[in-house]
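Engineer: Sharing a structure below in structure tokens format, with a few things to ask.
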Amino acid sequence: MEPSPQTSGDTVSSAPAPKAVRRRVVLLASVFVVASCGLVYELLAGALSSYLLGNSVTQFSLVIGLFLFSMGVGSYLSRFIERRLVDTFLAVEIAVGAVGGSSALVLFFAFAALDSYLPLLLGLLLVVGALVGLEIPLLVRIVRRSGSLRQVLGEVLALDYLGALAASLLFPLVLLPWLGLVRTGFFFGVLNLAVALLGLWVLREEIRRPRALAAAAVAVTLGLLLGLFTGGRATSWLEDLLYQDDILFARTTPYQRLLITRWHDDIRLFIDGNIQFSSADEFRYHEALVHPALYLAGRPRRVLLLGAGDGLAAREVLKHRTVEHIDLVDLDPLMTRLFSSQPMLVKLNQGSLGNPAVHVHNQDAQKFLENSDASWDAIIMDLPDPNNESLARLYSSTFFRLAARHLGRRGVLVTQATSPFYSTDAFWCIVNTLAATTVGPERHPLRVLPYHVDVPSFGDWGFVLAAPRPLDAATIKVDVPTRYLNDQVLPTLFVFSRDVARRTTPVNRLDDLALVRLYESGFRRYSQ
């Protein structure tokens, strides 16, 4: 005599064919959905940790490792569930939807208001991972009632991997740009609850406690829907806690989190939580970045800007009347669109991005250089700090060699190089990497000139000039209108005090991005 479906997970159902087919289709569709949801919760934790704490490789490694471990724990625990498989599965769906769906909001709140981010992150990863680990083993045993184990395993695992693929593609390309981190969490929580509600209807004859499960599912669904529709306001409120000034604009793109604040007349841009400029003193940074390089380049006609999507460096370049053509390469189209269309931001860069001499290219800097045969009289690198591996590769000897190949006969390259005070080793690592870079068929090393300037909004800041010929700081003059630089200030930029004097460091190479480690260790001393 065959045991009933309610008491065993290893028997074949005797349900009529149409009902069995509907049951099987719903269960297999559930596999696809729960796989997508599980991966999204993992990606949310990794992305939010990278945004709030920096160092994306470390954060994603921690999240993925702990999440997979927790899934293993959940899968192991499933072996002790022998009865009421359907009830247990639906309870797990309700729980993972509630906890996973609200996880991004809870973590954001913990970072902004409670100063308890890491303990809560670890706890959520353990709970959500264990619940996700329970889902597939339970589904396999439930689906097996209508097919052989070999067939069921093949179908379930295929849909599991397909769901993970769908989530991995949708997350950066669609979900983050349109919903953001918090609302994406709530959206996928609703999908988990949709699985539970559909299961309550299709599998109603196999459920022991339908009313209790239905009440819990409806209550959690309403809560998640409320979070989905108010998540944008909740995110704004939390960011108000993180930033002292009024937030004028906040948007997550496929590449970064852009946020613009204002306090009185001071406008500030933040990328992934890191300040990029303050309108109160940005001229100090951009004048120091641009004018020494363009003076050493002689009478430059063609200039390449890497990064600099705010148009502030382009504003300074356009002061040089000999410049006829500027290529500006910035990965994020929203960045250049904002600073070429919003009146308040256009006023800051004096409409530089709309100047006919400026040609904007929204693509990766390395790919742009690899696909270009052009040369420039000056290459100005105004890229974000190398706080992760993706950015640190743009400060590697390989990238510097690629850029230097595109310099004209008297060409000069300059890069921002983080703070010599806050991260001294990282600054000198960039200097030493440029000095170790060779160019041309005879492999001549680049000659370098490191210098720094005080920018009150974010401290002592460093730059490096480089060229395949000797560079003399004493010859540099100020020959364009400026607010900060003059001929008396210029020589002082090239003087370093003893506490930040030149150091021996590793060279930053693609196979060993030492710069990330040095950068982190430097800034960590001042963030504790």
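Ligands are numbered from 1 in the order shown, chains are lettered A, B, ... in the order of the structure tokens, and residues start at 1 in each chain.
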Which residues are close to Val478 of chain A, i.e. within 8 Å by only C-alpha atoms, leaving aside same-chain residues fewer than 5 positions away? Reply as a PyMOL selection string.
Structural biologist: chain A and resi 291-292+295+485-487
Engineer: Write a file of the selected residues as a PDB file, in the first residue's frame, keeping N, CA and C atoms.
Structural biologist:
```pdb
ATOM      1  N   HIS A 291      46.762  72.481 -15.373  1.00  0.00           N
ATOM      2  CA  HIS A 291      47.627  73.510 -15.959  1.00  0.00           C
ATOM      3  C   HIS A 291      49.116  73.170 -15.981  1.00  0.00           C
ATOM      4  N   PRO A 292      49.690  72.514 -14.960  1.00  0.00           N
ATOM      5  CA  PRO A 292      51.104  72.133 -15.111  1.00  0.00           C
ATOM      6  C   PRO A 292      51.352  71.205 -16.300  1.00  0.00           C
ATOM      7  N   TYR A 295      51.028  73.207 -19.630  1.00  0.00           N
ATOM      8  CA  TYR A 295      52.169  74.092 -19.855  1.00  0.00           C
ATOM      9  C   TYR A 295      53.378  73.297 -20.347  1.00  0.00           C
ATOM     10  N   LEU A 485      46.188  78.935  -8.477  1.00  0.00           N
ATOM     11  CA  LEU A 485      47.586  78.825  -8.892  1.00  0.00           C
ATOM     12  C   LEU A 485      48.156  80.167  -9.325  1.00  0.00           C
ATOM     13  N   ASN A 486      49.404  80.399  -8.940  1.00  0.00           N
ATOM     14  CA  ASN A 486      50.183  81.500  -9.498  1.00  0.00           C
ATOM     15  C   ASN A 486      51.651  81.079  -9.500  1.00  0.00           C
ATOM     16  N   ASP A 487      52.514  81.909 -10.029  1.00  0.00           N
ATOM     17  CA  ASP A 487      53.922  81.534 -10.180  1.00  0.00           C
ATOM     18  C   ASP A 487      54.632  81.391  -8.834  1.00  0.00           C
TER      19      ASP A 487
END
```
Engineer: Might you pull out every residue within 6 Å of Val414 of chain A, with only C-alpha atoms counted and same-chain residues fewer than 2 positions away left off, and present them as a PyMOL selection string?
Structural biologist: chain A and resi 380+464-465
Engineer: Could you pull out all residues of segment 338-516 of chain A with a DSSP call of strand (DSSP E or B) and give them as a VMD selection string?
Structural biologist: chain A and resid 358 to 361 376 to 382 407 to 416 438 to 439 444 to 445 447 to 455 459 to 467 509 512
Engineer: Please produce a file of the residues just selected, as a CSV table (one decimal), in the first residue's frame, where the atoms kept are C-alpha atoms.
Structural biologist:
```csv
chain,number,residue,atom,x,y,z
A,358,VAL,CA,34.6,68.6,-26.4
A,359,HIS,CA,33.7,65.2,-27.7
A,360,VAL,CA,32.2,62.9,-25.1
A,361,HIS,CA,32.7,59.1,-25.2
A,376,TRP,CA,47.2,63.5,-27.9
A,377,ASP,CA,49.5,66.3,-26.6
A,378,ALA,CA,48.3,65.8,-23.1
A,379,ILE,CA,46.5,62.9,-21.3
A,380,ILE,CA,44.8,63.9,-18.1
A,381,MET,CA,43.5,61.1,-15.8
A,382,ASP,CA,40.8,62.3,-13.5
A,407,LEU,CA,51.2,60.6,-26.3
A,408,GLY,CA,52.5,63.0,-29.0
A,409,ARG,CA,56.1,64.0,-29.6
A,410,ARG,CA,56.1,66.4,-26.6
A,411,GLY,CA,53.2,64.8,-24.9
A,412,VAL,CA,52.6,64.8,-21.1
A,413,LEU,CA,50.5,62.5,-19.0
A,414,VAL,CA,49.1,63.5,-15.6
A,415,THR,CA,47.0,61.5,-13.1
A,416,GLN,CA,45.4,62.3,-9.8
A,438,THR,CA,58.6,51.8,-20.2
A,439,VAL,CA,57.6,53.1,-23.6
A,444,HIS,CA,62.6,54.1,-22.2
A,445,PRO,CA,61.2,54.6,-18.6
A,447,ARG,CA,60.2,60.5,-16.2
A,448,VAL,CA,57.9,61.5,-13.3
A,449,LEU,CA,57.2,64.7,-11.3
A,450,PRO,CA,55.1,64.1,-8.2
A,451,TYR,CA,53.4,67.0,-6.6
A,452,HIS,CA,50.5,67.8,-4.2
A,453,VAL,CA,48.0,70.5,-3.3
A,454,ASP,CA,45.8,71.3,-0.3
A,455,VAL,CA,42.1,70.9,-1.0
A,459,GLY,CA,42.8,67.3,2.4
A,460,ASP,CA,46.3,67.1,1.0
A,461,TRP,CA,45.9,65.6,-2.5
A,462,GLY,CA,48.5,64.2,-4.9
A,463,PHE,CA,49.2,64.2,-8.6
A,464,VAL,CA,51.9,62.8,-10.9
A,465,LEU,CA,53.2,64.2,-14.1
A,466,ALA,CA,54.9,61.8,-16.5
A,467,ALA,CA,56.5,61.9,-19.9
A,509,ARG,CA,50.6,45.3,-11.8
A,512,ASP,CA,49.2,41.9,-8.3
```
Engineer: Distance atom CA of Leu294 of chain A-atom CA of Ala417 of chain A, one decimal place?
Structural biologist: 17.7 Å
Engineer: Could you tell me how far atom CA of Leu446 of chain A sits from atom CA of Pro470 of chain A, in Å to one decimal place?
Structural biologist: 8.5 Å
Engineer: Please list as a list of chain:residue names every residue within 12 Å of segment 113-118 of chain A, counting only C-alpha atoms and excluding residues in the same chain fewer than 3 positions away.
Structural biologist: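 After dropping sequence-adjacent residues, the list is A:Ala45, A:Leu48, A:Ser49, A:Leu52, A:Leu53, A:Gln59, A:Leu62, A:Val63, A:Ser103, A:Ala104, A:Leu105, A:Val106, A:Leu107, A:Phe108, A:Phe109, A:Ala110, A:Leu121, A:Leu122, A:Gly123, A:Leu124, A:Leu125, A:Trp237, A:Leu238, A:Glu239, A:Asp240, A:Leu241, A:Leu242, A:Tyr243.
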Engineer: Which residues are close to Ser168 of chain A, i.e. within 9 Å by only C-alpha atoms, leaving aside same-chain residues fewer than 4 positions away? Reply as a ChimeraX atom specification.
Structural biologist: /A:36,39-40,43,163-164,172
Engineer: Any chance you could export the current selection's C-alpha atoms as a PDB file, in the first residue's frame?
Structural biologist:
```pdb
ATOM      1  CA  SER A  36      16.542  34.055  -8.959  1.00  0.00           C
ATOM      2  CA  LEU A  39      21.005  35.002  -6.017  1.00  0.00           C
ATOM      3  CA  VAL A  40      19.574  38.528  -5.873  1.00  0.00           C
ATOM      4  CA  LEU A  43      24.095  40.250  -4.901  1.00  0.00           C
ATOM      5  CA  GLY A 163      17.101  31.292 -12.632  1.00  0.00           C
ATOM      6  CA  ALA A 164      20.517  32.276 -11.316  1.00  0.00           C
ATOM      7  CA  PRO A 172      23.109  45.217 -12.959  1.00  0.00           C
TER       8      PRO A 172
END
```
Engineer: Which residues are close to segment 277-280 of chain A, i.e. within 6 Å by only C-alpha atoms, leaving aside same-chain residues fewer than 2 positions away? Reply as a ChimeraX atom specification.
Structural biologist: /A:266-269,275,282
Engineer: Compile the contact shell of Arg208 of chain A as a VMD selection string: residues with an atom at most 7 Å away, counting only C-alpha atoms, same-chain residues fewer than 2 positions apart removed.
Structural biologist: chain A and resid 87 206 210
Engineer: Residues of segment 339-393 of chain A in alpha helix (DSSP H) according to DSSP, as a list of chain:residue names?
Structural biologist: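 Here are the alpha helix (DSSP H) residues of segment 339-393 of chain A: A:Phe339, A:Ser340, A:Ser341, A:Pro343, A:Met344, A:Leu345, A:Val346, A:Lys347, A:Leu348, A:Asn349, A:Ala365, A:Gln366, A:Lys367, A:Phe368, A:Leu369, A:Glu370, A:Glu389, A:Ser390, A:Leu391, A:Ala392.
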Engineer: Applying 10 Å and only C-alpha atoms, which residues near Leu28 of chain A remain after dropping the ones on its own chain fewer than 3 positions away? List them as a list in words.
Structural biologist: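 Everything that qualifies: Arg23, Arg24, Val25, Val31, Phe32, Val33, Leu139, Val140, Val143, Val152, Glu155, Val156, Leu159 and Asp160 of chain A.
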Engineer: Would you save the residues of that selection, restricted to C-alpha atoms, as an mmCIF file, in the first residue's frame?
Structural biologist:
```cif
data_model
loop_
_atom_site.group_PDB
_atom_site.id
_atom_site.type_symbol
_atom_site.label_atom_id
_atom_site.label_comp_id
_atom_site.auth_asym_id
_atom_site.auth_seq_id
_atom_site.Cartn_x
_atom_site.Cartn_y
_atom_site.Cartn_z
ATOM 1 C CA ARG A 23 1.046 20.900 -9.916
ATOM 2 C CA ARG A 24 4.292 19.965 -11.670
ATOM 3 C CA VAL A 25 4.375 23.125 -13.803
ATOM 4 C CA VAL A 31 12.365 26.527 -8.804
ATOM 5 C CA PHE A 32 13.204 29.205 -11.368
ATOM 6 C CA VAL A 33 11.798 32.004 -9.180
ATOM 7 C CA LEU A 139 11.254 21.200 -3.862
ATOM 8 C CA VAL A 140 13.093 18.187 -5.262
ATOM 9 C CA VAL A 143 8.317 17.389 -7.277
ATOM 10 C CA VAL A 152 13.307 15.519 -11.388
ATOM 11 C CA GLU A 155 14.775 19.537 -14.433
ATOM 12 C CA VAL A 156 15.176 21.162 -11.033
ATOM 13 C CA LEU A 159 15.905 25.592 -13.777
ATOM 14 C CA ASP A 160 17.938 26.488 -10.695
#
```
Engineer: A:Asp425, A:Asp272, A:Asp327, A:Asp246: which is nearest Tyr51 of chain A, counting only C-alpha atoms?
Structural biologist: A:Asp272
